[in-house]
Structure formats: C-alpha cells, structure tokens
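A.B. asks: Contents of run.txt (compact mmCIF, C-alpha atoms) are given next:
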# COMPACT_ATOMS: atom_id res chain seq x y z
CA MET A 1 -5.23 -92.13 37.08
CA ASP A 2 -8.21 -94.41 37.77
CA THR A 3 -9.29 -96.79 35.03
CA PRO A 4 -11.62 -97.29 33.27
CA LEU A 5 -11.19 -93.76 32.00
CA ARG A 6 -14.20 -91.47 31.92
CA GLU A 7 -15.40 -90.79 28.39
CA PRO A 8 -14.20 -87.14 28.15
CA THR A 9 -10.75 -88.20 29.38
CA PHE A 10 -10.62 -91.07 26.89
CA LEU A 11 -11.62 -88.72 24.07
CA ILE A 12 -9.02 -86.08 25.03
CA LEU A 13 -6.25 -88.71 24.99
CA THR A 14 -7.60 -90.08 21.70
CA ALA A 15 -7.60 -86.60 20.16
CA LEU A 16 -3.97 -86.08 21.23
CA ALA A 17 -2.93 -89.45 19.79
CA VAL A 18 -2.58 -87.89 16.32
CA GLY A 19 -0.29 -85.11 17.50
CA PRO A 20 0.03 -82.00 19.69
CA MET A 21 -3.07 -79.84 19.89
CA HIS A 22 -4.16 -76.60 21.62
CA GLY A 23 -7.28 -76.19 23.78
CA TYR A 24 -9.51 -74.81 21.02
CA GLY A 25 -8.45 -77.60 18.66
CA LEU A 26 -9.02 -80.24 21.34
CA ILE A 27 -12.58 -79.05 21.97
CA GLY A 28 -13.41 -79.38 18.26
CA GLU A 29 -11.68 -82.75 17.94
CA VAL A 30 -13.44 -84.23 20.99
CA ALA A 31 -16.79 -83.04 19.58
CA ALA A 32 -15.99 -84.62 16.19
CA LEU A 33 -14.81 -87.90 17.73
CA SER A 34 -18.02 -88.21 19.74
CA ASP A 35 -20.40 -87.08 16.94
CA ASN A 36 -21.04 -83.89 18.98
CA ARG A 37 -22.26 -85.93 21.95
CA VAL A 38 -19.43 -84.72 24.24
CA SER A 39 -19.12 -80.95 24.19
CA LEU A 40 -16.29 -79.70 26.43
CA ARG A 41 -16.15 -76.11 27.60
CA PRO A 42 -12.80 -74.46 28.32
CA GLY A 43 -13.21 -74.47 32.13
CA THR A 44 -13.89 -78.20 32.07
CA LEU A 45 -11.20 -78.93 29.46
CA TYR A 46 -8.38 -77.14 31.30
CA GLY A 47 -9.40 -78.80 34.60
CA ALA A 48 -9.16 -82.18 32.85
CA LEU A 49 -5.81 -81.25 31.26
CA ASP A 50 -4.43 -80.26 34.69
CA ARG A 51 -5.40 -83.67 36.08
CA LEU A 52 -3.90 -85.45 33.07
CA VAL A 53 -0.64 -83.50 33.41
CA ASP A 54 -0.53 -84.31 37.14
CA ALA A 55 -1.08 -87.98 36.31
CA GLY A 56 1.77 -87.86 33.75
CA LEU A 57 -0.48 -88.76 30.80
CA VAL A 58 -0.19 -85.42 28.95
CA GLU A 59 2.71 -82.97 28.54
CA VAL A 60 2.97 -79.39 27.35
CA ASP A 61 4.49 -79.34 23.87
CA GLY A 62 4.96 -75.59 23.40
CA GLU A 63 3.09 -72.32 22.96
CA GLU A 64 2.52 -69.58 20.43
CA VAL A 65 0.60 -66.33 20.18
CA VAL A 66 -1.98 -66.20 17.36
CA ASP A 67 -3.94 -62.94 16.77
CA GLY A 68 -2.80 -61.75 20.19
CA ARG A 69 -4.14 -64.91 21.90
CA LEU A 70 -1.95 -67.38 23.74
CA ARG A 71 -2.19 -70.94 22.46
CA ARG A 72 -0.51 -73.71 24.42
CA TYR A 73 -0.04 -77.06 22.73
CA TYR A 74 -0.40 -80.38 24.55
CA ARG A 75 0.89 -83.81 23.56
CA LEU A 76 0.39 -87.39 24.71
CA SER A 77 3.21 -88.55 27.00
CA PRO A 78 4.60 -92.10 26.78
CA GLY A 79 2.56 -92.88 29.91
CA GLY A 80 -0.55 -91.44 28.24
CA GLU A 81 0.04 -93.55 25.15
CA ALA A 82 0.35 -96.70 27.30
CA THR A 83 -2.83 -95.85 29.25
CA LEU A 84 -4.78 -95.11 26.05
CA SER A 85 -3.57 -98.38 24.48
CA ALA A 86 -4.54 -100.40 27.56
CA GLU A 87 -7.96 -98.73 27.75
CA THR A 88 -8.56 -99.23 24.03
CA GLU A 89 -7.68 -102.92 24.36
CA ARG A 90 -10.04 -103.28 27.34
CA LEU A 91 -12.88 -101.62 25.40
CA ARG A 92 -12.12 -103.74 22.30
CA ARG A 93 -12.40 -106.96 24.33
CA ASN A 94 -15.70 -105.75 25.82
CA VAL A 95 -17.07 -104.88 22.37
CA GLU A 96 -16.03 -108.28 21.00
CA ALA A 97 -17.68 -110.08 23.92
CA ALA A 98 -20.89 -108.06 23.55
CA THR A 99 -20.97 -108.51 19.75
CA SER A 100 -20.48 -112.24 20.04
CA ARG A 101 -23.25 -112.65 22.62
CA LEU A 102 -25.66 -110.44 20.71
CA SER A 103 -25.04 -112.52 17.56
CA ALA A 104 -25.72 -115.71 19.50
CA ARG A 105 -28.90 -114.17 20.90
CA THR A 106 -30.06 -113.15 17.41
CA ARG A 107 -29.45 -116.69 16.12
CA ALA A 108 -31.36 -118.22 19.06
CA ALA A 109 -34.29 -115.85 18.56
CA ARG A 110 -34.85 -116.79 14.90
CA PRO A 111 -38.45 -118.01 14.38
CA ILE A 112 -38.79 -121.76 14.04
CA THR A 113 -40.28 -122.75 10.68
CA PRO A 114 -43.69 -124.32 11.35
CA ARG A 115 -43.98 -127.93 10.25
CA THR A 116 -47.02 -129.51 8.73
CA ALA A 117 -48.59 -131.98 11.11
CA GLY A 118 -47.52 -135.44 10.14
CA GLY A 119 -44.42 -134.19 8.33
CA LEU A 120 -44.19 -134.94 4.67
CA ALA A 121 -46.18 -138.09 4.87
CA MET B 1 -9.32 -55.59 24.65
CA ASN B 2 -13.05 -55.75 23.79
CA ASP B 3 -16.06 -55.94 26.13
CA LEU B 4 -16.38 -59.72 25.81
CA GLU B 5 -12.74 -60.33 26.77
CA ARG B 6 -13.04 -57.92 29.69
CA ARG B 7 -16.12 -59.78 30.93
CA TYR B 8 -14.45 -63.17 30.64
CA LEU B 9 -11.47 -61.81 32.57
CA ARG B 10 -13.82 -60.61 35.29
CA LEU B 11 -15.37 -64.08 35.57
CA LEU B 12 -11.86 -65.54 35.70
CA HIS B 13 -11.60 -64.16 39.24
CA ALA B 14 -13.33 -67.39 40.29
CA TYR B 15 -9.87 -68.98 39.91
CA PRO B 16 -7.03 -68.56 42.45
CA ALA B 17 -4.80 -65.56 41.68
CA ASP B 18 -1.61 -67.53 40.93
CA TYR B 19 -3.43 -69.93 38.61
CA ARG B 20 -5.15 -66.97 36.92
CA ARG B 21 -1.82 -65.30 36.21
CA ALA B 22 -0.36 -68.50 34.80
CA ARG B 23 -3.33 -69.78 32.77
CA GLY B 24 -5.81 -66.91 32.44
CA ALA B 25 -4.72 -65.75 28.98
CA GLU B 26 -4.94 -69.29 27.60
CA ILE B 27 -8.39 -70.00 29.09
CA VAL B 28 -9.91 -66.66 28.02
CA GLY B 29 -8.28 -66.99 24.58
CA THR B 30 -10.06 -70.33 24.10
CA TYR B 31 -13.43 -68.84 25.12
CA LEU B 32 -12.87 -66.01 22.62
CA ASP B 33 -11.94 -68.50 19.89
CA LEU B 34 -15.22 -70.32 20.51
CA ALA B 35 -17.42 -67.20 20.78
CA ASP B 36 -19.72 -66.22 17.91
CA PRO B 37 -18.68 -63.01 16.11
CA GLY B 38 -20.48 -60.01 17.57
CA ARG B 39 -21.07 -61.60 20.98
CA ARG B 40 -20.64 -59.08 23.77
CA TRP B 41 -21.53 -61.08 26.88
CA PRO B 42 -20.40 -64.55 27.99
CA SER B 43 -23.24 -67.07 27.70
CA PRO B 44 -24.77 -68.31 30.98
CA ALA B 45 -23.29 -71.75 30.25
CA ASP B 46 -19.80 -70.24 29.84
CA ALA B 47 -20.19 -68.27 33.06
CA ALA B 48 -21.28 -71.43 34.93
CA ASP B 49 -18.36 -73.35 33.38
CA LEU B 50 -15.86 -70.71 34.52
CA LEU B 51 -17.30 -70.56 38.03
CA ARG B 52 -17.29 -74.37 38.28
CA GLY B 53 -13.73 -74.54 36.94
CA GLY B 54 -12.62 -71.86 39.40
CA LEU B 55 -14.18 -73.68 42.34
CA ARG B 56 -12.56 -76.96 41.29
CA GLN B 57 -9.19 -75.25 40.94
CA ARG B 58 -9.48 -73.60 44.37
CA LEU B 59 -10.35 -76.95 45.95
CA ARG B 60 -7.52 -78.61 44.04
CA ALA B 61 -5.09 -75.93 45.18
CA ALA B 62 -6.25 -76.54 48.76
CA GLY B 63 -5.75 -80.31 48.35
CA VAL B 64 -9.49 -80.96 48.76
CA THR B 65 -10.15 -82.62 45.42
CA ASP B 66 -12.47 -85.22 46.91
CA LEU B 67 -14.90 -82.64 48.32
CA ILE B 68 -17.01 -82.37 45.14
CA PRO B 69 -17.37 -86.18 44.73
CA GLY B 70 -18.28 -86.28 48.43
CA VAL B 71 -20.94 -83.59 47.99
CA ARG B 72 -22.34 -85.54 45.01
CA LEU B 73 -22.60 -88.63 47.21
CA ALA B 74 -24.34 -86.56 49.89
CA ALA B 75 -26.70 -85.26 47.17
CA LEU B 76 -27.78 -88.81 46.38
CA LEU B 77 -28.48 -89.56 50.06
CA ALA B 78 -30.34 -86.25 50.35
CA LEU B 79 -32.58 -87.10 47.39
CA VAL B 80 -33.27 -90.59 48.74
CA THR B 81 -34.31 -88.98 52.05
CA ALA B 82 -36.36 -86.23 50.38
CA SER B 83 -38.20 -88.82 48.26
CA ALA B 84 -38.94 -91.00 51.30
CA LEU B 85 -40.27 -87.99 53.21
CA ALA B 86 -42.44 -87.05 50.21
CA GLY B 87 -43.85 -90.59 50.29
CA VAL B 88 -44.58 -90.37 54.02
CA TRP B 89 -46.16 -86.90 53.97
CA GLY B 90 -47.92 -87.60 50.65
CA VAL B 91 -49.81 -90.52 52.21
CA ALA B 92 -50.47 -88.50 55.39
CA GLU B 93 -52.05 -85.78 53.19
CA LEU B 94 -54.62 -88.30 51.94
CA HIS B 95 -55.98 -88.90 55.44
CA PRO B 96 -57.50 -85.69 56.84
CA THR B 97 -59.18 -85.75 60.23
CA PRO B 98 -62.95 -86.49 60.28
CA THR B 99 -65.05 -83.48 59.21
CA GLU B 100 -66.89 -83.37 62.54
CA TRP B 101 -63.62 -82.48 64.30
CA GLY B 102 -63.78 -79.13 62.52
CA VAL B 103 -60.09 -79.08 61.57
CA PRO B 104 -59.63 -77.05 58.37
CA HIS B 105 -58.43 -78.98 55.34
CA VAL B 106 -58.04 -78.53 51.58
CA GLY B 107 -60.67 -80.58 49.74
CA PRO B 108 -59.88 -84.26 50.28
CA PHE B 109 -56.35 -83.40 51.49
CA VAL B 110 -54.94 -82.32 54.83
CA SER B 111 -53.27 -79.17 53.48
CA LEU B 112 -51.74 -77.37 50.50
CA GLY B 113 -48.62 -79.48 51.07
CA VAL B 114 -50.06 -82.19 48.83
CA VAL B 115 -48.78 -80.20 45.81
CA ALA B 116 -45.22 -80.20 47.17
CA TRP B 117 -45.19 -83.93 47.96
CA ALA B 118 -46.64 -84.75 44.53
CA ALA B 119 -43.85 -82.68 42.96
CA TRP B 120 -41.17 -84.56 44.91
CA LEU B 121 -42.66 -87.94 43.94
CA LEU B 122 -42.68 -86.80 40.31
CA THR B 123 -39.04 -85.74 40.75
CA ALA B 124 -38.11 -89.25 41.90
CA VAL B 125 -39.69 -90.64 38.71
CA VAL B 126 -37.91 -88.06 36.51
CA ILE B 127 -34.52 -88.83 38.11
CA ALA B 128 -35.09 -92.50 37.27
CA VAL B 129 -35.97 -92.01 33.61
CA ALA B 130 -34.85 -88.61 32.28
CA PRO B 131 -31.49 -86.94 31.57
CA ILE B 132 -29.95 -85.35 34.68
CA ARG B 133 -30.36 -81.84 33.23
CA ILE B 134 -34.14 -82.38 33.17
CA ALA B 135 -34.01 -84.00 36.62
CA ARG B 136 -32.29 -80.89 38.04
CA LEU B 137 -34.98 -78.65 36.53
CA THR B 138 -37.62 -80.87 38.15
CA ILE B 139 -35.83 -80.57 41.51
CA VAL B 140 -35.94 -76.76 41.12
CA LEU B 141 -39.68 -76.98 40.36
CA ALA B 142 -40.22 -79.20 43.42
CA LEU B 143 -38.27 -76.70 45.56
CA LEU B 144 -40.49 -73.85 44.35
CA LEU B 145 -43.63 -75.90 45.00
CA THR B 146 -42.33 -76.73 48.51
CA LEU B 147 -42.09 -73.02 49.24
CA ALA B 148 -45.33 -72.15 47.42
CA PRO B 149 -47.67 -73.24 50.30
CA LEU B 150 -46.25 -70.42 52.46
CA PRO B 151 -47.75 -67.48 50.49
CA MET B 152 -50.67 -69.61 49.23
CA ALA B 153 -51.76 -70.46 52.78
CA VAL B 154 -51.91 -66.77 53.61
CA ALA B 155 -53.65 -65.83 50.36
CA LEU B 156 -56.22 -68.66 50.47
CA ASP B 157 -56.53 -68.90 54.26
CA ALA B 158 -55.87 -72.61 53.93
CA PRO B 159 -53.74 -74.96 56.06
CA ARG B 160 -50.15 -75.79 55.06
CA PRO B 161 -47.48 -78.14 56.43
CA PRO B 162 -45.49 -76.66 59.32
CA LEU B 163 -42.15 -74.98 58.63
CA PHE B 164 -40.20 -77.68 60.49
CA VAL B 165 -41.48 -80.10 57.82
CA LEU B 166 -41.00 -77.84 54.77
CA LEU B 167 -37.57 -76.43 55.68
CA PRO B 168 -35.62 -79.73 55.82
CA GLN B 169 -37.24 -80.71 52.52
CA VAL B 170 -35.93 -77.50 50.93
CA VAL B 171 -32.42 -78.07 52.32
CA LEU B 172 -32.41 -81.70 51.15
CA GLY B 173 -33.60 -80.56 47.70
CA LEU B 174 -30.94 -77.86 47.41
CA LEU B 175 -28.25 -80.42 48.20
CA GLY B 176 -29.88 -82.81 45.71
CA LEU B 177 -29.10 -80.36 42.88
CA ALA B 178 -25.48 -81.56 43.17
CA LEU B 179 -26.49 -85.00 41.84
CA PRO B 180 -23.74 -86.51 39.63
CA ASP B 181 -23.91 -85.65 35.92
CA ARG B 182 -23.77 -89.29 34.85
CA PRO B 183 -25.25 -91.41 37.62
CA SER B 184 -25.45 -95.19 37.34
CA ARG B 185 -28.82 -96.91 36.90
CA ALA B 186 -28.83 -97.93 40.59
CA VAL B 187 -28.28 -94.31 41.65
CA ARG B 188 -31.08 -93.13 39.37
CA LEU B 189 -33.53 -95.66 40.79
CA ALA B 190 -32.64 -95.13 44.47
CA PRO B 191 -34.91 -92.08 45.14
CA LEU B 192 -37.90 -93.75 43.42
CA LEU B 193 -37.45 -97.02 45.34
CA SER B 194 -37.11 -95.06 48.56
CA ALA B 195 -40.34 -93.13 47.81
CA LEU B 196 -42.27 -96.31 46.97
CA LEU B 197 -41.10 -98.06 50.14
CA ALA B 198 -42.06 -95.03 52.23
CA LEU B 199 -45.49 -94.86 50.54
CA ALA B 200 -46.17 -98.52 51.28
CA ALA B 201 -44.88 -98.35 54.87
CA THR B 202 -46.86 -95.19 55.66
CA GLU B 203 -50.06 -96.58 54.17
CA PHE B 204 -49.62 -99.62 56.43
CA LEU B 205 -48.97 -97.43 59.51
CA VAL B 206 -51.98 -95.20 58.74
CA GLY B 207 -54.12 -98.34 58.43
CA SER B 208 -53.03 -99.46 61.90
CA ASP B 209 -53.53 -95.95 63.38
CA ALA B 210 -49.80 -95.66 64.11
CA MET B 211 -49.28 -92.60 61.91
CA GLY B 212 -50.77 -89.20 62.65
CA GLY B 213 -50.59 -85.90 60.79
CA TYR B 214 -47.96 -83.17 60.85
CA TYR B 215 -48.75 -82.21 64.45
CA ALA B 216 -49.11 -85.69 65.95
CA PRO B 217 -46.69 -86.38 68.84
CA THR B 218 -44.98 -89.01 66.69
CA ALA B 219 -44.18 -86.42 63.99
CA ALA B 220 -41.96 -84.38 66.32
CA ARG B 221 -39.87 -87.49 66.95
CA PHE B 222 -40.09 -88.74 63.37
CA LEU B 223 -38.03 -86.04 61.64
CA PRO B 224 -35.13 -86.07 64.16
CA THR B 225 -35.09 -89.87 63.84
CA VAL B 226 -34.80 -89.56 60.04
CA GLY B 227 -31.95 -87.05 60.56
CA GLY B 228 -30.20 -89.48 62.90
CA LEU B 229 -30.63 -92.34 60.41
CA LEU B 230 -29.20 -90.15 57.66
CA LEU B 231 -26.09 -89.54 59.76
CA VAL B 232 -25.80 -93.25 60.68
CA VAL B 233 -25.93 -94.22 56.98
CA GLY B 234 -23.42 -91.45 56.17
CA THR B 235 -21.07 -92.64 58.92
CA LEU B 236 -21.22 -96.27 57.78
CA LEU B 237 -20.61 -95.17 54.19
CA ALA B 238 -17.69 -92.96 55.26
CA MET B 239 -16.11 -95.81 57.24
CA GLY B 240 -16.61 -98.30 54.42
CA LEU B 241 -15.10 -96.00 51.79
CA ALA B 242 -12.27 -94.93 54.11
CA LEU B 243 -11.18 -98.57 54.35
CA GLY B 244 -10.38 -98.35 50.62
CA GLY B 245 -8.60 -95.00 51.06
CA ASP B 246 -11.57 -93.09 49.63
CA ALA B 247 -12.34 -89.83 51.49
CA ARG B 248 -15.60 -89.12 49.63
CA GLY B 249 -17.68 -90.63 52.42
CA GLY B 250 -16.12 -88.33 55.01
CA TRP B 251 -16.99 -85.25 52.97
CA ALA B 252 -20.49 -86.61 52.34
CA LEU B 253 -20.95 -87.06 56.09
CA VAL B 254 -19.78 -83.52 56.90
CA THR B 255 -22.04 -82.15 54.14
CA LEU B 256 -25.03 -84.10 55.50
CA LEU B 257 -24.68 -82.47 58.93
CA THR B 258 -26.67 -79.44 57.70
CA PRO B 259 -29.76 -81.29 56.36
CA ALA B 260 -29.64 -83.70 59.31
CA GLY B 261 -29.56 -80.67 61.62
CA PHE B 262 -32.62 -79.17 59.92
CA LEU B 263 -34.44 -82.51 60.30
CA ALA B 264 -33.53 -82.45 64.01
CA VAL B 265 -34.87 -78.92 64.60
CA PRO B 266 -37.99 -80.12 66.55
CA ALA B 267 -35.70 -82.13 68.88
CA LEU B 268 -33.09 -79.36 69.16
CA ALA B 269 -35.88 -76.97 70.12
CA GLY B 270 -36.84 -79.37 72.91
CA GLY B 271 -40.10 -80.61 71.46
CA THR B 272 -39.88 -84.41 71.48
CA GLY B 273 -41.25 -85.07 74.95
CA ILE B 274 -44.84 -86.00 75.64
CA HIS B 275 -45.54 -82.41 76.65
CA GLY B 276 -43.03 -81.11 74.18
CA ALA B 277 -44.90 -78.21 72.64
CA VAL B 278 -42.37 -75.62 71.51
CA THR B 279 -42.78 -72.03 70.50
CA PHE B 280 -42.11 -70.66 67.05
CA THR B 281 -39.20 -68.66 68.51
CA GLN B 282 -37.55 -71.83 69.83
CA LEU B 283 -37.93 -73.54 66.47
CA ALA B 284 -36.64 -70.48 64.59
CA ALA B 285 -33.64 -70.13 66.91
CA SER B 286 -32.76 -73.82 66.43
CA ALA B 287 -33.10 -73.51 62.64
CA VAL B 288 -30.83 -70.44 62.56
CA ALA B 289 -28.27 -72.22 64.76
CA VAL B 290 -28.26 -75.22 62.38
CA ALA B 291 -28.05 -72.94 59.31
CA LEU B 292 -24.91 -71.33 60.76
CA ALA B 293 -23.28 -74.34 62.41
CA GLY B 294 -23.67 -76.85 59.54
CA PRO B 295 -21.88 -74.83 56.84
CA ALA B 296 -19.35 -73.60 59.46
CA VAL B 297 -18.35 -77.21 60.27
CA LEU B 298 -17.96 -77.93 56.56
CA LEU B 299 -15.82 -74.81 56.08
CA LEU B 300 -13.72 -75.71 59.11
CA ALA B 301 -13.18 -79.24 57.77
CA ILE B 302 -12.02 -77.77 54.42
CA LEU B 303 -9.61 -75.41 56.17
CA VAL B 304 -8.18 -78.17 58.37
CA ARG B 305 -7.79 -80.49 55.38
CA ALA B 306 -6.14 -77.72 53.33
CA ARG B 307 -3.68 -77.07 56.15
CA LEU B 308 -2.85 -80.75 56.56
CA SER B 309 -2.72 -81.50 52.84
CA PRO B 310 0.80 -82.25 51.58
CA VAL B 311 -0.11 -81.22 48.03
CA THR B 312 -1.24 -77.71 48.89
CA LYS B 313 -0.21 -75.36 46.11
CA ARG B 314 0.67 -71.95 47.31
CA GLY B 315 1.57 -68.82 45.41
CA GLY B 316 4.89 -69.05 43.60
CA GLU B 317 4.65 -72.76 42.84
CA ALA B 318 4.75 -73.92 39.25
CA CYS B 319 1.48 -74.17 37.28
CA PRO B 320 0.62 -77.88 37.09
CA THR B 321 0.14 -77.80 33.34
CA CYS B 322 2.62 -75.40 31.84
CA GLY B 323 5.25 -75.11 34.57
CA THR B 324 4.88 -71.31 34.61
CA ARG B 325 5.64 -69.76 37.99
CA ALA B 326 3.29 -67.14 39.34
Could I get this file's structure written as structure tokens?

C.D. replies:
Amino acid sequence: MDTPLREPTFLILTALAVGPMHGYGLIGEVAALSDNRVSLRPGTLYGALDRLVDAGLVEVDGEEVVDGRLRRYYRLSPGGEATLSAETERLRRNVEAATSRLSARTRAARPITPRTAGGLA
Amino acid sequence: MNDLERRYLRLLHAYPADYRRARGAEIVGTYLDLADPGRRWPSPADAADLLRGGLRQRLRAAGVTDLIPGVRLAALLALVTASALAGVWGVAELHPTPTEWGVPHVGPFVSLGVVAWAAWLLTAVVIAVAPIRIARLTIVLALLLTLAPLPMAVALDAPRPPLFVLLPQVVLGLLGLALPDRPSRAVRLAPLLSALLALAATEFLVGSDAMGGYYAPTAARFLPTVGGLLLVVGTLLAMGLALGGDARGGWALVTLLTPAGFLAVPALAGGTGIHGAVTFTQLAASAVAVALAGPAVLLLAILVRARLSPVTKRGGEACPTCGTRA
C-alpha cells in the first residue's frame, strides 16, 4: 500500500491497534479519534477494509450474529502493525521538525525592547 | 425484515452479485446499526455511499481500480478548460458590436451568456477557497446557469451564445463534478489561474482586433483547437504517468475524449473553412455522434482492460475480506 497513508486509512489502522473491531465499532472509533472530523460510511469503510485486506495490513478475526445482524471482526496484521508504526514515526518526525521551526520563528518574532536614545548615559 | 432493511438491500444491488452474497448482510447490518430508531428510508447520503461503494467494487472486480483516479484527473483538466473558456467568452461578452450595426445585444453585453460565464468564473474562485462540497454545489449552479440562456432567450427574445459554445461547457462542467474530495492547493488554484490567464490574453486579443464574437470565423476554429490542446495535454500526462507505472493518465485521456469531441463539433460538422457555414442539422448530428462515440470508447476500454486484467474476480472466487466463497 502506498505511503504516506491517507488519513482515513491511518485512522482505521489506529483504531484496530487496540484490538479486533467490527465495522460499526470502527466507524465510531474513527470518528472519536478524529474529533468527528472523519465520518466514514459503511460503503466507504468496507471498500477501505477490502483494500487493506488485499494489501495484507488487516485480517478477519472472526464473526458473530448479534440481534440477527452479522458482525465480522477485523484485526491488525503484523504487516499492518509495521506499516502503522512506520507511518507514526514519519508523522512524529514531521511534527517535531514543524514544532521546532515554529518555536524558532516565535523567538525571532519577539518585539525588540526600544532603547532610550543615548543609552543609560 | 423491516422496510428500512428491505430498502438497503435493494440499494445493495449496486454491488456485484457474488460480493453481495458474501458481504451484503454485514454491510446492511452496519447501516441498520447506525440508523436512527424509527427511520424508514435510507438517507440520501447513505444511498450515495452505497452506490459509490458498489461502483468501486464493480470496477475493482473488473481490475479497473485506477479508472476513478483517472476520471478525477480528467475532472481537473476539464475544470481548467471550462474556467479558461469562461474567461475567454466572459471578455468577449463585454465587447458588443457597435450599436449602428443593429445587432441585438443585452444591455452592455453581447448576450445572456454573460450570466453563465460569470458563474463559471465564480466557480473557479470557490474551488480555490471553499470546501469541495461547496465547490461542487457551485459547479451545479454554473451548469444550470449555462443552460438557463436557452429558455431565457426564447422568453425574452434576447440573444444567447450558440449551442456549440454552451454544450462543451456543460460537458466539461459535468465531468468537473468528479473533482477529488481532498485536492492539493495547486489543484485548487489551477482553474482560477487558468481563468485569469485567459481573461488577460483575451483582453489583449480584443484590443488588437484579433478576437471576434461567438460567430466570428476564428471562433469556429477556436473551440476545436482547445479540444485538440486538451487531448495533447492529456496524452503527455498519460505518457508521463505511464513511465512510473501509473495508469491514471490513460484513463483520464480516454475520459477526455468526450469533452474534446464536443469542443470539436464545429470542425467535425465541417465548419472551419473560410466559407465554413454549417447547418444546425450538421452540428446536431456531430454532437449526437460525439455523445455516443465518447462514452462508447470509454466503455470499450473498460471491457478490454477487464478482459486483460490478471486480477479479475469472477463468481465463485473468495471474498477479498472474509474469504467466503459465493
């Protein structure tokens, strides 16, 4: 799968990092992780899961029937864990670089204290 | 089974039959889990999501996964072209013929088309600054305002741009609706830059008397030339991307055949010569031929690609996610 990961893909893998989850649970978890910014619908979610399974990043963990509805659970594969770790590390380095440069910019932009002409004399 | 479930199952027919058998219960179950109590009909957004998912799955099953990214690329080129044309025709609208010639016009403008071109220029600005959802709504508005001069011209007995100018704009706009959901800043700015460049270039040409109105002899050659340029850019893009093993450009090029064909209608109807006046019937016949041939070529390309694709999933193969066999 191409990297950097798209945000919905990154969030799905992140949601599965805590343990197996079914589609309904994943939709809620992705919304919570993104402060409701990323709202997946089932058609989109299952398309993404298909691609992740094809890429070997996600596996089917099992299934159960709850209130007459089929629920299939998905888990992160070892390959998915490695991809998520690599992507997280890449993002962390980017955040550190941006934070450091923004701090330097803030320091440089501090107003210079005006001096009295002639100094203290 | 309640009404809501039955309606979701009906929408699920957008998916291929084998995929539906393997995954349908899970997908519909998730929609039902998410539905508000008492809901009886799927929301429009759910219906669109299911139809989109079904289309993606059908393309995936046919091994044509890069078609949608290719169409999105074509959408960007279509919007760049539509914005440039709006710039060109927008400036042309500001320069009606002298009153003593007795050619009808609409106030200080050449025709009612000024509303359409203003809408497309506004669309270019909205694409640059607003969320894509808003940009798509603006494209729909611009499409409606491009068609509006047709009934308005009859009702008000006022001049309008010719159909061979309005029709390609509508086709370009329809394709533009497939703009990517999260375009980069460069992609967002491209239609606006294109419009501004066209505005400046046309103003210069009008100043040097090198640009006439909709019916000037240069206009009949202008649109086919734009169509040709669109295909040249598409071909170069396809070749460049193909070098990196990316088939998006090829699909974009095949998709662009239809709008390029509509731009070439005056030439296809035989109207680019010095004495190249063509009849409405000739123009209409050319437009119908393009409307049939363009999508047919795209469909043929999909069928050929599906046949050649080594990953084609046919009935009886395991579901990619759960391993269930249809």

A.B. asks: Looking at all atoms listed in the file, which of B:Ile139, B:Thr123, B:Leu189, B:Tyr215 is the one that sits closest to B:Val110?

C.D. replies: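 Closest to B:Val110 of all the choices is B:Tyr215.
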
A.B. asks: Which residue is closest to A:Asp35? Choose from A:Ala17, A:Leu102, A:Leu11, A:Val58 and count all atoms listed in the file.

C.D. replies: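 Comparing A:Ala17, A:Leu102, A:Leu11, A:Val58 against A:Asp35, the winner is A:Leu11.
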
A.B. asks: Kindly give the distance, in Å, that separates atom CA of B:Val226 and atom CA of B:Thr138, rounded to a single decimal.

C.D. replies: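 Those two atoms sit 23.7 Å apart.
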
A.B. asks: Using all atoms listed in the file, I'd like every residue of chain B that has an atom within 8 Å of chain A; please write them out as a ChimeraX atom specification.

C.D. replies: /B:25-27,29-31,33-34,46,49-50,52-54,56-57,320-322

A.B. asks: Would you mind listing what lies within 9 Å of B:Gly90 as a compact mmCIF listing (two decimals) with C-alpha atoms, in the frame of the given file, with all atoms listed in the file counted and same-chain residues fewer than 4 positions away left out?

C.D. replies:
# COMPACT_ATOMS: atom_id res chain seq x y z
CA LEU B 85 -40.27 -87.99 53.21
CA ALA B 86 -42.44 -87.05 50.21
CA LEU B 94 -54.62 -88.30 51.94
CA GLY B 113 -48.62 -79.48 51.07
CA VAL B 114 -50.06 -82.19 48.83
CA VAL B 115 -48.78 -80.20 45.81
CA ALA B 116 -45.22 -80.20 47.17
CA TRP B 117 -45.19 -83.93 47.96
CA ALA B 118 -46.64 -84.75 44.53
CA LEU B 121 -42.66 -87.94 43.94
CA LEU B 199 -45.49 -94.86 50.54
